[in-house]
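Source file: run-v2.txt (compact mmCIF, C-alpha atoms)
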# COMPACT_ATOMS: atom_id res chain seq x y z
CA MET A 282 -33.10 -1.73 21.54
CA ALA A 283 -31.65 0.76 19.07
CA ILE A 284 -27.89 1.07 18.93
CA LYS A 285 -26.06 3.78 17.00
CA VAL A 286 -23.52 2.42 14.53
CA ARG A 287 -20.98 4.69 12.86
CA VAL A 288 -20.21 3.54 9.35
CA PRO A 289 -16.87 4.23 7.60
CA THR A 290 -16.74 5.70 4.09
CA PRO A 291 -16.04 2.39 2.27
CA LEU A 292 -19.26 0.87 3.65
CA ARG A 293 -21.58 3.81 3.06
CA ARG A 294 -22.52 2.47 -0.36
CA PHE A 295 -24.64 -0.02 1.62
CA THR A 296 -26.27 2.67 3.77
CA ALA A 297 -27.26 5.10 1.00
CA GLY A 298 -24.32 7.30 1.95
CA VAL A 299 -25.38 7.68 5.59
CA ASP A 300 -22.53 7.75 8.14
CA GLU A 301 -24.59 6.69 11.14
CA VAL A 302 -27.33 4.07 11.23
CA THR A 303 -29.25 2.23 13.94
CA ALA A 304 -29.43 -1.50 14.54
CA SER A 305 -30.92 -3.80 17.17
CA GLY A 306 -29.46 -6.69 19.11
CA ASP A 307 -27.97 -7.64 22.47
CA SER A 308 -24.46 -8.49 21.20
CA VAL A 309 -22.12 -7.21 18.52
CA LYS A 310 -22.83 -10.37 16.54
CA ALA A 311 -26.59 -9.68 16.69
CA ILE A 312 -26.03 -6.06 15.71
CA ILE A 313 -24.04 -7.11 12.64
CA ALA A 314 -26.77 -9.61 11.70
CA ASP A 315 -29.35 -6.84 11.98
CA LEU A 316 -27.17 -4.48 9.93
CA GLU A 317 -27.04 -7.14 7.21
CA ARG A 318 -30.86 -7.39 7.23
CA ARG A 319 -31.25 -3.63 6.93
CA HIS A 320 -28.29 -3.04 4.58
CA PRO A 321 -27.68 -6.21 2.56
CA GLY A 322 -24.02 -6.74 1.64
CA ILE A 323 -22.52 -5.03 4.66
CA GLY A 324 -22.25 -8.27 6.66
CA GLU A 325 -19.79 -10.05 4.40
CA ARG A 326 -17.52 -7.00 4.43
CA LEU A 327 -17.27 -7.37 8.19
CA LEU A 328 -17.30 -11.14 8.71
CA ASP A 329 -15.44 -13.89 6.88
CA GLU A 330 -16.96 -17.16 5.66
CA LYS A 331 -16.49 -18.66 9.14
CA GLY A 332 -18.45 -15.83 10.68
CA GLU A 333 -15.36 -14.32 12.33
CA LEU A 334 -14.57 -10.62 12.24
CA ARG A 335 -12.29 -9.99 9.26
CA ARG A 336 -8.77 -9.24 10.39
CA PHE A 337 -8.66 -5.80 8.84
CA VAL A 338 -11.93 -4.66 10.44
CA ASN A 339 -11.96 -3.06 13.87
CA VAL A 340 -15.18 -2.66 15.81
CA TYR A 341 -15.27 -0.32 18.78
CA LEU A 342 -17.97 -0.58 21.43
CA ASN A 343 -18.16 2.68 23.36
CA GLY A 344 -14.62 3.37 22.19
CA ASP A 345 -13.17 -0.03 23.19
CA ASP A 346 -11.88 -2.50 20.61
CA ILE A 347 -14.11 -5.58 20.87
CA ARG A 348 -11.04 -7.79 20.41
CA PHE A 349 -10.14 -6.76 23.96
CA LEU A 350 -13.71 -7.35 25.18
CA SER A 351 -15.60 -10.54 24.32
CA GLN A 352 -15.12 -10.19 20.57
CA LEU A 353 -18.37 -10.68 18.63
CA ASP A 354 -20.07 -11.94 21.80
CA SER A 355 -19.51 -8.59 23.51
CA LYS A 356 -22.80 -7.56 25.12
CA VAL A 357 -24.54 -4.44 23.91
CA LYS A 358 -27.08 -2.40 25.84
CA ASP A 359 -29.39 0.48 25.09
CA GLY A 360 -27.52 3.73 24.55
CA ASP A 361 -24.25 2.08 23.55
CA ASP A 362 -22.54 3.17 20.41
CA ILE A 363 -20.53 1.17 17.94
CA SER A 364 -17.96 2.34 15.41
CA ILE A 365 -16.73 0.26 12.49
CA VAL A 366 -13.24 1.35 11.49
CA PRO A 367 -11.09 -0.14 8.71
CA ALA A 368 -7.69 -1.11 10.07
CA ILE A 369 -5.96 1.23 7.66
CA ALA A 370 -6.43 4.57 6.03
CA GLY A 371 -5.49 3.88 2.40
CA GLY A 372 -3.31 6.14 0.28
CA ARG A 373 0.33 6.53 1.04
CA MET B 259 15.99 -14.13 -23.60
CA ALA B 260 19.45 -15.58 -23.88
CA THR B 261 19.96 -16.13 -20.20
CA THR B 262 16.94 -18.36 -19.69
CA SER B 263 18.23 -20.97 -22.12
CA ARG B 264 21.36 -21.61 -20.05
CA SER B 265 21.41 -24.41 -17.55
CA SER B 266 22.45 -22.07 -14.76
CA PRO B 267 21.54 -18.54 -15.79
CA PRO B 268 23.18 -15.67 -13.97
CA SER B 269 20.75 -13.43 -12.20
CA PRO B 270 20.26 -10.16 -14.08
CA ALA B 271 20.56 -8.52 -10.70
CA ASP B 272 24.22 -9.60 -10.64
CA ALA B 273 24.94 -8.68 -14.24
CA ASN B 274 25.29 -4.97 -13.76
CA ARG B 275 27.93 -3.69 -11.40
CA THR B 276 26.92 -0.04 -11.58
CA ILE B 277 24.02 -0.51 -9.14
CA VAL B 278 25.84 -0.33 -5.86
CA PRO B 279 25.23 1.81 -2.81
CA VAL B 280 27.39 4.93 -2.71
CA ALA B 281 30.48 4.35 -0.61
CA ARG B 282 30.26 7.64 1.19
CA ALA B 283 27.61 10.35 1.24
CA ARG B 284 27.37 13.92 2.43
CA SER B 285 23.63 13.83 3.01
CA VAL B 286 21.09 11.13 3.71
CA LEU B 287 19.32 12.34 0.57
CA GLU B 288 22.16 10.92 -1.55
CA LEU B 289 21.39 7.47 -0.17
CA ILE B 290 17.90 7.36 -1.71
CA GLY B 291 17.41 4.88 -4.54
CA ASN B 292 19.76 2.26 -6.02
CA THR B 293 17.86 -0.40 -4.10
CA PRO B 294 18.54 -4.10 -4.67
CA LEU B 295 16.47 -6.34 -6.92
CA LEU B 296 15.77 -9.74 -5.37
CA GLU B 297 14.66 -12.78 -7.31
CA ILE B 298 11.74 -14.45 -5.54
CA GLY B 299 12.81 -17.99 -6.27
CA ARG B 300 12.01 -20.19 -3.29
CA LEU B 301 8.39 -19.17 -2.88
CA THR B 302 7.71 -19.52 -6.59
CA ALA B 303 9.51 -22.88 -6.97
CA GLY B 304 7.39 -25.26 -9.02
CA LEU B 305 4.73 -22.62 -9.72
CA LEU B 306 6.25 -20.97 -12.81
CA ARG B 307 7.30 -22.17 -16.23
CA PRO B 308 11.11 -22.43 -16.65
CA GLY B 309 11.45 -19.19 -18.63
CA VAL B 310 9.49 -17.10 -16.14
CA ARG B 311 11.07 -15.30 -13.19
CA ILE B 312 9.83 -12.83 -10.61
CA PHE B 313 11.99 -10.07 -9.14
CA ALA B 314 11.15 -7.60 -6.39
CA LYS B 315 12.66 -4.17 -5.95
CA LEU B 316 13.35 -3.91 -2.22
CA GLU B 317 12.44 -0.33 -1.45
CA GLY B 318 12.80 -0.88 2.28
CA PHE B 319 16.52 -0.28 1.72
CA ASN B 320 15.89 3.43 1.22
CA PRO B 321 17.10 5.50 4.22
CA GLY B 322 13.55 6.46 5.23
CA GLY B 323 12.52 2.84 4.82
CA SER B 324 10.24 3.02 1.79
CA VAL B 325 9.77 3.77 -1.88
CA LYS B 326 8.33 7.14 -0.84
CA ASP B 327 11.80 8.57 -0.23
CA ARG B 328 12.17 8.89 -3.99
CA ALA B 329 9.05 10.99 -4.54
CA ALA B 330 9.56 13.06 -1.39
CA ARG B 331 13.09 14.05 -2.40
CA LYS B 332 12.05 14.93 -5.92
CA MET B 333 8.99 16.95 -4.93
CA VAL B 334 11.03 18.97 -2.43
CA GLU B 335 13.88 19.47 -4.93
CA VAL B 336 11.46 20.76 -7.55
CA GLY B 337 9.73 22.97 -4.95
CA LEU B 338 13.08 24.49 -3.99
CA ALA B 339 14.13 24.98 -7.61
CA ARG B 340 10.86 26.79 -8.40
CA GLY B 341 11.03 28.90 -5.25
CA ASP B 342 7.74 27.45 -3.93
CA LEU B 343 9.67 26.16 -0.93
CA ARG B 344 11.98 28.66 0.68
CA PRO B 345 13.26 29.49 4.18
CA GLY B 346 10.42 30.32 6.57
CA LYS B 347 7.96 27.92 4.94
CA VAL B 348 6.59 24.71 6.40
CA ILE B 349 6.22 21.49 4.39
CA LEU B 350 2.59 20.29 4.74
CA ASP B 351 0.91 17.25 3.21
CA SER B 352 -1.67 14.56 3.81
CA THR B 353 -0.27 11.07 4.08
CA SER B 354 -1.10 7.79 5.71
CA GLY B 355 2.47 7.17 6.62
CA ASN B 356 5.35 6.36 4.32
CA THR B 357 5.29 9.66 2.44
CA GLY B 358 5.01 11.36 5.80
CA ILE B 359 8.09 9.55 7.04
CA ALA B 360 9.92 10.41 3.82
CA LEU B 361 8.93 14.09 3.93
CA ALA B 362 9.82 14.25 7.63
CA MET B 363 13.26 12.80 6.84
CA VAL B 364 13.84 15.07 3.85
CA GLY B 365 12.63 18.12 5.82
CA ALA B 366 14.97 17.27 8.70
CA ALA B 367 17.92 16.75 6.35
CA LEU B 368 17.31 20.15 4.72
CA GLY B 369 16.28 22.06 7.85
CA TYR B 370 12.61 22.63 7.00
CA PRO B 371 9.76 22.05 9.49
CA VAL B 372 7.15 19.47 8.42
CA GLU B 373 3.45 19.08 9.37
CA LEU B 374 1.55 15.98 8.28
CA VAL B 375 -2.17 15.25 8.20
CA MET B 376 -3.10 11.58 8.59
CA ALA B 377 -6.03 9.48 9.71
CA SER B 378 -5.55 8.61 13.36
CA ASN B 379 -5.69 4.86 12.67
CA VAL B 380 -2.38 4.67 10.81
CA SER B 381 0.07 2.34 12.51
CA ARG B 382 1.59 3.47 15.79
CA GLU B 383 5.12 2.85 14.54
CA ARG B 384 4.59 5.29 11.69
CA LYS B 385 3.36 8.03 13.98
CA LYS B 386 6.39 7.53 16.25
CA ILE B 387 8.88 7.59 13.38
CA ILE B 388 7.36 10.81 12.03
CA GLU B 389 7.67 12.41 15.46
CA ALA B 390 11.24 11.12 15.80
CA PHE B 391 12.18 13.09 12.68
CA GLY B 392 10.82 16.19 14.38
CA ALA B 393 7.68 16.53 12.26
CA THR B 394 4.26 17.44 13.66
CA PRO B 395 1.38 14.99 13.06
CA ILE B 396 -2.20 16.32 12.66
CA TYR B 397 -4.87 13.63 12.94
CA SER B 398 -8.07 13.36 10.89
CA ASP B 399 -11.15 11.19 11.49
CA PRO B 400 -10.27 7.51 10.97
CA LEU B 401 -13.76 6.82 9.61
CA GLU B 402 -13.05 9.12 6.68
CA GLY B 403 -9.83 7.31 5.69
CA SER B 404 -7.09 8.93 3.63
CA ASP B 405 -9.64 11.05 1.76
CA GLY B 406 -10.54 12.63 5.11
CA ALA B 407 -6.87 13.54 5.58
CA ILE B 408 -6.76 15.06 2.09
CA VAL B 409 -9.81 17.23 2.84
CA LEU B 410 -8.48 18.39 6.23
CA CYS B 411 -5.09 19.19 4.69
CA ARG B 412 -6.76 21.34 2.02
CA LYS B 413 -8.62 23.23 4.74
CA ILE B 414 -5.42 23.92 6.73
CA LEU B 415 -3.71 25.16 3.59
CA GLU B 416 -6.62 27.44 2.64
CA GLU B 417 -6.52 29.06 6.08
CA ASP B 418 -2.87 30.12 5.72
CA PRO B 419 -1.58 29.46 2.18
CA GLU B 420 1.56 31.61 2.54
CA ARG B 421 2.82 29.59 5.48
CA TYR B 422 3.00 26.29 3.68
CA PHE B 423 4.61 24.41 0.83
CA LYS B 424 2.36 21.48 -0.04
CA PRO B 425 4.14 18.86 -2.16
CA ASP B 426 0.69 17.34 -2.91
CA GLN B 427 1.90 13.87 -3.82
CA TYR B 428 -1.44 13.02 -5.44
CA ASN B 429 -1.21 15.78 -8.03
CA ASN B 430 2.49 16.62 -8.28
CA GLU B 431 4.13 15.42 -11.49
CA ALA B 432 7.47 15.37 -9.64
CA ASN B 433 6.15 12.22 -7.92
CA PRO B 434 5.98 10.03 -11.04
CA LEU B 435 9.03 11.90 -12.40
CA ALA B 436 11.11 10.58 -9.49
CA HIS B 437 10.31 7.06 -10.66
CA PHE B 438 10.83 7.92 -14.32
CA GLU B 439 14.30 9.18 -13.43
CA THR B 440 15.36 6.56 -10.87
CA THR B 441 13.19 3.45 -10.32
CA GLY B 442 12.61 2.84 -14.02
CA PRO B 443 16.27 3.14 -15.12
CA GLU B 444 17.40 1.03 -12.15
CA ILE B 445 15.02 -1.80 -13.09
CA TRP B 446 16.07 -1.55 -16.72
CA ARG B 447 19.74 -1.89 -15.78
CA GLN B 448 19.19 -4.51 -13.10
CA THR B 449 17.35 -6.77 -15.54
CA ALA B 450 19.73 -5.92 -18.38
CA GLY B 451 16.68 -4.76 -20.33
CA ALA B 452 14.97 -8.14 -20.00
CA VAL B 453 11.96 -6.92 -17.96
CA THR B 454 8.71 -7.83 -19.69
CA HIS B 455 6.11 -7.01 -17.03
CA PHE B 456 6.05 -4.36 -14.33
CA VAL B 457 3.57 -4.89 -11.51
CA ALA B 458 3.09 -2.30 -8.76
CA GLY B 459 0.51 -1.18 -6.22
CA ILE B 460 -1.42 2.06 -6.57
CA GLY B 461 -1.48 4.51 -3.68
CA THR B 462 -0.86 7.85 -5.33
CA SER B 463 0.03 5.87 -8.49
CA GLY B 464 3.41 7.65 -8.73
CA THR B 465 5.46 4.44 -8.77
CA VAL B 466 3.42 2.61 -11.40
CA MET B 467 2.99 5.69 -13.60
CA GLY B 468 6.59 6.95 -13.61
CA THR B 469 8.33 3.58 -13.69
CA GLY B 470 5.91 2.22 -16.27
CA ARG B 471 6.40 5.26 -18.47
CA TYR B 472 10.19 4.85 -18.38
CA LEU B 473 10.12 1.12 -19.09
CA LYS B 474 7.73 1.60 -22.00
CA SER B 475 10.02 4.34 -23.36
CA ARG B 476 12.80 1.74 -23.49
CA ASN B 477 10.61 -1.08 -24.74
CA PRO B 478 7.00 -0.35 -25.68
CA ALA B 479 6.21 -4.06 -25.32
CA VAL B 480 6.68 -3.95 -21.52
CA LYS B 481 3.32 -4.52 -19.85
CA VAL B 482 2.48 -2.23 -16.94
CA ILE B 483 0.03 -3.64 -14.43
CA ALA B 484 -1.38 -1.86 -11.40
CA VAL B 485 -2.43 -3.58 -8.18
CA GLU B 486 -5.31 -2.36 -6.05
CA PRO B 487 -7.50 -3.74 -3.25
CA ASP B 488 -10.42 -5.76 -4.60
CA ASP B 489 -12.94 -3.88 -2.43
CA PRO B 490 -13.26 -0.36 -0.99
CA MET B 491 -13.31 -1.96 2.49
CA HIS B 492 -9.81 -3.41 2.76
CA GLY B 493 -6.76 -3.74 4.98
CA LEU B 494 -3.97 -2.98 2.54
CA GLU B 495 -2.27 0.02 4.06
CA GLY B 496 -0.76 2.19 1.35
CA LEU B 497 -3.04 1.06 -1.45
CA LYS B 498 -6.12 2.76 -2.85
CA HIS B 499 -9.24 1.27 -4.38
CA MET B 500 -9.43 3.70 -7.26
CA ALA B 501 -13.13 3.46 -8.15
CA SER B 502 -14.14 4.53 -4.64
CA SER B 503 -11.39 7.08 -3.94
CA ILE B 504 -10.51 10.64 -4.86
CA VAL B 505 -8.61 9.89 -8.06
CA PRO B 506 -5.08 11.37 -7.99
CA GLY B 507 -4.35 13.93 -10.71
CA ILE B 508 -1.18 12.04 -11.65
CA TYR B 509 -3.13 8.82 -12.29
CA HIS B 510 -3.75 8.05 -15.95
CA GLU B 511 -5.46 4.72 -16.26
CA GLY B 512 -5.07 4.73 -20.04
CA GLU B 513 -1.32 4.16 -19.62
CA LEU B 514 -1.88 0.87 -17.82
CA ASP B 515 -2.17 -2.44 -19.59
CA ASP B 516 -4.13 -4.00 -16.78
CA LYS B 517 -5.27 -3.54 -13.21
CA ILE B 518 -5.57 -6.43 -10.76
CA GLY B 519 -7.69 -6.43 -7.61
CA ILE B 520 -6.23 -8.39 -4.68
CA SER B 521 -8.05 -9.44 -1.53
CA THR B 522 -6.66 -8.38 1.81
CA GLU B 523 -6.64 -11.97 3.05
CA ASP B 524 -4.54 -13.20 0.10
CA ALA B 525 -2.09 -10.33 0.55
CA TYR B 526 -1.70 -11.06 4.27
CA GLU B 527 -1.08 -14.74 3.50
CA MET B 528 1.65 -13.75 1.08
CA VAL B 529 3.34 -11.59 3.71
CA TYR B 530 3.53 -14.63 5.98
CA GLY B 531 4.82 -16.76 3.10
CA LEU B 532 7.54 -14.27 2.13
CA GLY B 533 8.68 -14.13 5.75
CA GLN B 534 8.95 -17.86 6.20
CA ILE B 535 10.01 -18.99 2.73
CA GLU B 536 12.16 -16.11 1.49
CA GLY B 537 13.34 -14.68 4.80
CA LEU B 538 11.85 -11.36 3.82
CA LEU B 539 9.55 -9.47 6.17
CA VAL B 540 7.54 -6.91 4.19
CA GLY B 541 4.41 -4.82 4.58
CA GLN B 542 0.93 -5.76 3.36
CA SER B 543 1.12 -3.73 0.14
CA SER B 544 4.17 -5.82 -0.82
CA GLY B 545 2.14 -8.94 -0.10
CA ALA B 546 -0.53 -7.68 -2.51
CA ALA B 547 2.12 -6.84 -5.13
CA MET B 548 3.58 -10.33 -4.83
CA VAL B 549 0.16 -12.01 -5.20
CA ALA B 550 -0.45 -9.97 -8.35
CA ALA B 551 3.07 -10.63 -9.69
CA LEU B 552 2.56 -14.36 -9.17
CA LYS B 553 -0.80 -14.23 -10.89
CA VAL B 554 0.73 -12.43 -13.89
CA ALA B 555 3.79 -14.70 -13.98
CA ARG B 556 1.66 -17.85 -13.96
CA SER B 557 -0.04 -16.72 -17.13
CA LEU B 558 3.28 -16.41 -19.01
CA ARG B 559 5.36 -18.86 -21.02
CA GLU B 560 8.42 -16.64 -20.76
CA GLY B 561 9.17 -13.35 -19.12
CA TYR B 562 10.71 -11.31 -16.33
CA VAL B 563 8.10 -9.92 -13.98
CA VAL B 564 9.37 -7.10 -11.80
CA THR B 565 7.40 -5.84 -8.85
CA VAL B 566 8.01 -3.36 -6.05
CA PHE B 567 8.07 -4.20 -2.36
CA SER B 568 7.41 -0.72 -1.05
CA ASP B 569 8.83 -1.25 2.42
CA PHE B 570 9.81 -3.79 5.05
CA GLY B 571 7.36 -5.15 7.59
CA ASP B 572 8.68 -3.75 10.84
CA LYS B 573 6.30 -0.77 10.75
CA TYR B 574 3.27 -3.06 10.75
CA LEU B 575 3.96 -5.36 13.67
CA SER B 576 1.28 -3.65 15.77
CA THR B 577 -1.31 -3.64 12.99
CA ASN B 578 -4.15 -6.04 12.18
CA LEU B 579 -1.82 -7.84 9.76
CA TRP B 580 -0.51 -9.86 12.67
CA ILE B 581 -3.77 -10.35 14.56
CA GLY B 582 -4.70 -14.02 14.70
CA TRP B 583 -2.07 -15.05 12.17
CA GLN B 584 -0.88 -18.63 12.08
CA GLN B 585 2.35 -20.30 11.06
CA TRP B 586 2.26 -20.35 7.31
CA ARG B 587 2.22 -23.61 5.39
CA ARG B 588 3.05 -24.07 1.74
CA GLU B 589 -0.37 -25.68 1.14
CA ARG B 590 -1.89 -22.23 1.55
CA LEU B 591 0.00 -20.98 -1.49
CA GLU B 592 -1.16 -24.01 -3.42
CA GLN B 593 -4.75 -23.28 -2.34
CA LEU B 594 -4.40 -19.72 -3.62
CA VAL B 595 -3.10 -20.89 -6.97
CA SER B 596 -5.79 -23.57 -7.32
CA LYS B 597 -8.40 -20.87 -6.60
CA TRP B 598 -7.08 -18.96 -9.64
CA ASN B 599 -7.15 -22.12 -11.71
CA GLU B 600 -10.79 -22.69 -10.76
CA SER B 601 -11.82 -19.14 -11.61
CA ALA B 602 -9.85 -19.32 -14.89
CA SER B 603 -11.59 -22.54 -15.92
CA ALA B 604 -14.94 -21.04 -14.90
CA THR B 605 -14.43 -18.10 -17.24
CA THR B 606 -13.13 -20.09 -20.22

Could you show the structure in this file as structure tokens?
Amino acid sequence: MAIKVRVPTPLRRFTAGVDEVTASGDSVKAIIADLERRHPGIGERLLDEKGELRRFVNVYLNGDDIRFLSQLDSKVKDGDDISIVPAIAGGR
Amino acid sequence: MATTSRSSPPSPADANRTIVPVARARSVLELIGNTPLLEIGRLTAGLLRPGVRIFAKLEGFNPGGSVKDRAARKMVEVGLARGDLRPGKVILDSTSGNTGIALAMVGAALGYPVELVMASNVSRERKKIIEAFGATPIYSDPLEGSDGAIVLCRKILEEDPERYFKPDQYNNEANPLAHFETTGPEIWRQTAGAVTHFVAGIGTSGTVMGTGRYLKSRNPAVKVIAVEPDDPMHGLEGLKHMASSIVPGIYHEGELDDKIGISTEDAYEMVYGLGQIEGLLVGQSSGAAMVAALKVARSLREGYVVTVFSDFGDKYLSTNLWIGWQQWRRERLEQLVSKWNESASATT
């Protein structure tokens, strides 16, 4: 099951500059684990040492913030799309 | 430092009576600057050597609510003086928030329309404040961050250059000049010249460049230290990770004595600590500045470390800063400090 994942600028150093990648898995947690396998280093930017989503990272599943769904356990199905968005924009 | 040898030293912030708010003003623009300097004493109790003190410039007291009022006023003043801004023109810039608020306020006070390009994920409060001042927000892709806003702003300007005056805070020398003329002299007076270290976050770098330049002009021994996020992927609204960003034209790294990277988590923790221990609710960039100031201060035997709290925290209540936060406990500060001790002993 291939899911489209949109990658923000600060994480594109792990994806060879690509802004959209694919990953497999049936939950957001599984997708992030697969992203880490394909793009080593990206996982720890998204999850803390306890495996929780870092507070300044927002993940949207089909446009909905997963914090208002089932968090990392939110189910993912074929054709869904995921966006990773830093909580802030930087600069002043 | 004469004052530190006394049993009960007066605060340098009290020593100079000339730093007081104006009693009456004709324009909100006259109320910019002259912000108070607060000693951060309770949170640092037991963590610093006796001759070391930390002070924070509380920029939230500016009428627009942030340090950015200073640069916005100066850039517009210089634009008017040069004739680049004149009746019929619109003020346009890219900003993730505080500069936008400041430009919107200055534009309103002078009767100029303002359009602001920002990534759509800036905090909701900021968008509302900008609209309340009558300015028009233009949103760029949140995945592209503040650099995306810069690029979109350039495009809008290229399409109709005659319509706009673009202060261009990233490349306008009036930005650091505002701090050279106001923030720097205020800190010098408020510490009675005793400041030894100046620590400030880098967004455009205007604050650290201009203030640092002034303080060094008064005493070349003053150390100027910039604070940035420790990773390109961060949650420190207002700060830039320089190595991965479009480098502002006003940024001259050679003028800095040091640059400290701070993790988002540590900065957030410090925001909670400042709220509960000092009674001071600030934004996340101030939390980062305080972590860095504490780190610098802990390495000193004697000195006055001055940092800048760019704004208060009320604009961030809807942001990720407050997601899943817990009541702060002093042990967390001790954990942070012991982490530094461990890394220091690992490197020595």

Exercise for review: Determine which residues of chain A sit within 12 Å of chain B, taking into account all atoms listed in the file, and present them as a PyMOL selection string.
Suggested key: chain A and resi 286-295+300-301+322-330+333-341+346+348-349+364-373

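Ranking B:Val466, B:Leu306, B:Val480, B:Leu301 by their shortest atom-to-atom distance to Arg590 of chain B, with only C-alpha atoms included, puts B:Leu301 first.
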
Check your understanding: By how many Å are atom CA of Asn343 of chain A and atom CA of Ile396 of chain B apart?
Key -> 23.6 Å

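Relative to atom CA of Gly298 of chain A, atom CA of Ile518 of chain B is found at 26.5 Å.
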
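Going from atom CA of Trp586 of chain B to atom CA of Gly537 of chain B covers 12.7 Å.
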
Exercise for review: Could you give me, as a PyMOL selection string, the residues within 12 Å of Ala314 of chain A, counting all atoms listed in the file and dropping anything in the same chain fewer than 2 positions from it?
Suggested key: chain A and resi 304-312+316-325+327-328+332+353

Check your understanding: Which protein, DNA or RNA residues have an atom at most 12 Å from (6.0, 15.1, -11.8), counting all atoms listed in the file? List them as a PyMOL selection string.
Key -> chain B and resi 328-337+425-439+462-465+467-469+471+507-509

Check your understanding: Which neighbours of Asp359 of chain A fall inside 8 Å, counting only C-alpha atoms, when residues of the same chain fewer than 4 positions from it are skipped, and could you give them as a count of residues only?
Key -> 3

**Study point:** Radius query 9 Å about (4.7, -20.3, 3.0), atoms used: only C-alpha atoms, as number ranges by chain
**Key:** B: 301, 527-536, 585-591

What box, with edges along x, y and z, holds each listed atom of segment 517-522 of chain B when 6 Å is added on every side, and can you state its centre and edge lengths in Å to one decimal, as AutoDock Vina command-line options?
--center_x -6.7 --center_y -6.5 --center_z -5.7 --size_x 14.8 --size_y 17.9 --size_z 27.0

Point to revise | Close residues, segment 473-477 of chain B itself excluded, 10 Å, only C-alpha atoms, min 3 positions apart in chain, as JSON, numbers by chain | key: {"B": [438, 441, 442, 443, 445, 446, 451, 452, 453, 454, 455, 456, 468, 469, 470, 480, 481, 482, 513]}

Could you add the missing atoms to segment 349-361 of chain B, up to N, CA and C atoms, and return them as a compact mmCIF listing (two decimals), in the coordinates of the input?
# COMPACT_ATOMS: atom_id res chain seq x y z
N ILE B 349 6.68 22.53 5.31
CA ILE B 349 6.22 21.49 4.39
C ILE B 349 4.98 20.84 5.00
N LEU B 350 3.87 20.84 4.25
CA LEU B 350 2.59 20.29 4.74
C LEU B 350 2.05 19.31 3.71
N ASP B 351 1.59 18.14 4.15
CA ASP B 351 0.91 17.25 3.21
C ASP B 351 0.03 16.27 3.97
N SER B 352 -0.87 15.62 3.23
CA SER B 352 -1.67 14.56 3.81
C SER B 352 -1.03 13.24 3.41
N THR B 353 -0.95 12.34 4.35
CA THR B 353 -0.27 11.07 4.08
C THR B 353 -0.68 10.06 5.13
N SER B 354 -0.81 8.81 4.71
CA SER B 354 -1.10 7.79 5.71
C SER B 354 0.16 7.16 6.25
N GLY B 355 1.29 7.71 5.94
CA GLY B 355 2.47 7.17 6.62
C GLY B 355 3.78 7.27 5.90
N ASN B 356 4.01 6.43 4.88
CA ASN B 356 5.35 6.36 4.32
C ASN B 356 5.79 7.67 3.68
N THR B 357 4.90 8.36 3.00
CA THR B 357 5.29 9.66 2.44
C THR B 357 5.56 10.63 3.57
N GLY B 358 4.78 10.50 4.64
CA GLY B 358 5.01 11.36 5.80
C GLY B 358 6.39 11.14 6.37
N ILE B 359 6.76 9.88 6.52
CA ILE B 359 8.09 9.55 7.04
C ILE B 359 9.15 10.12 6.10
N ALA B 360 8.94 9.93 4.80
CA ALA B 360 9.92 10.41 3.82
C ALA B 360 10.03 11.93 3.85
N LEU B 361 8.89 12.61 3.89
CA LEU B 361 8.93 14.09 3.93
C LEU B 361 9.56 14.57 5.24
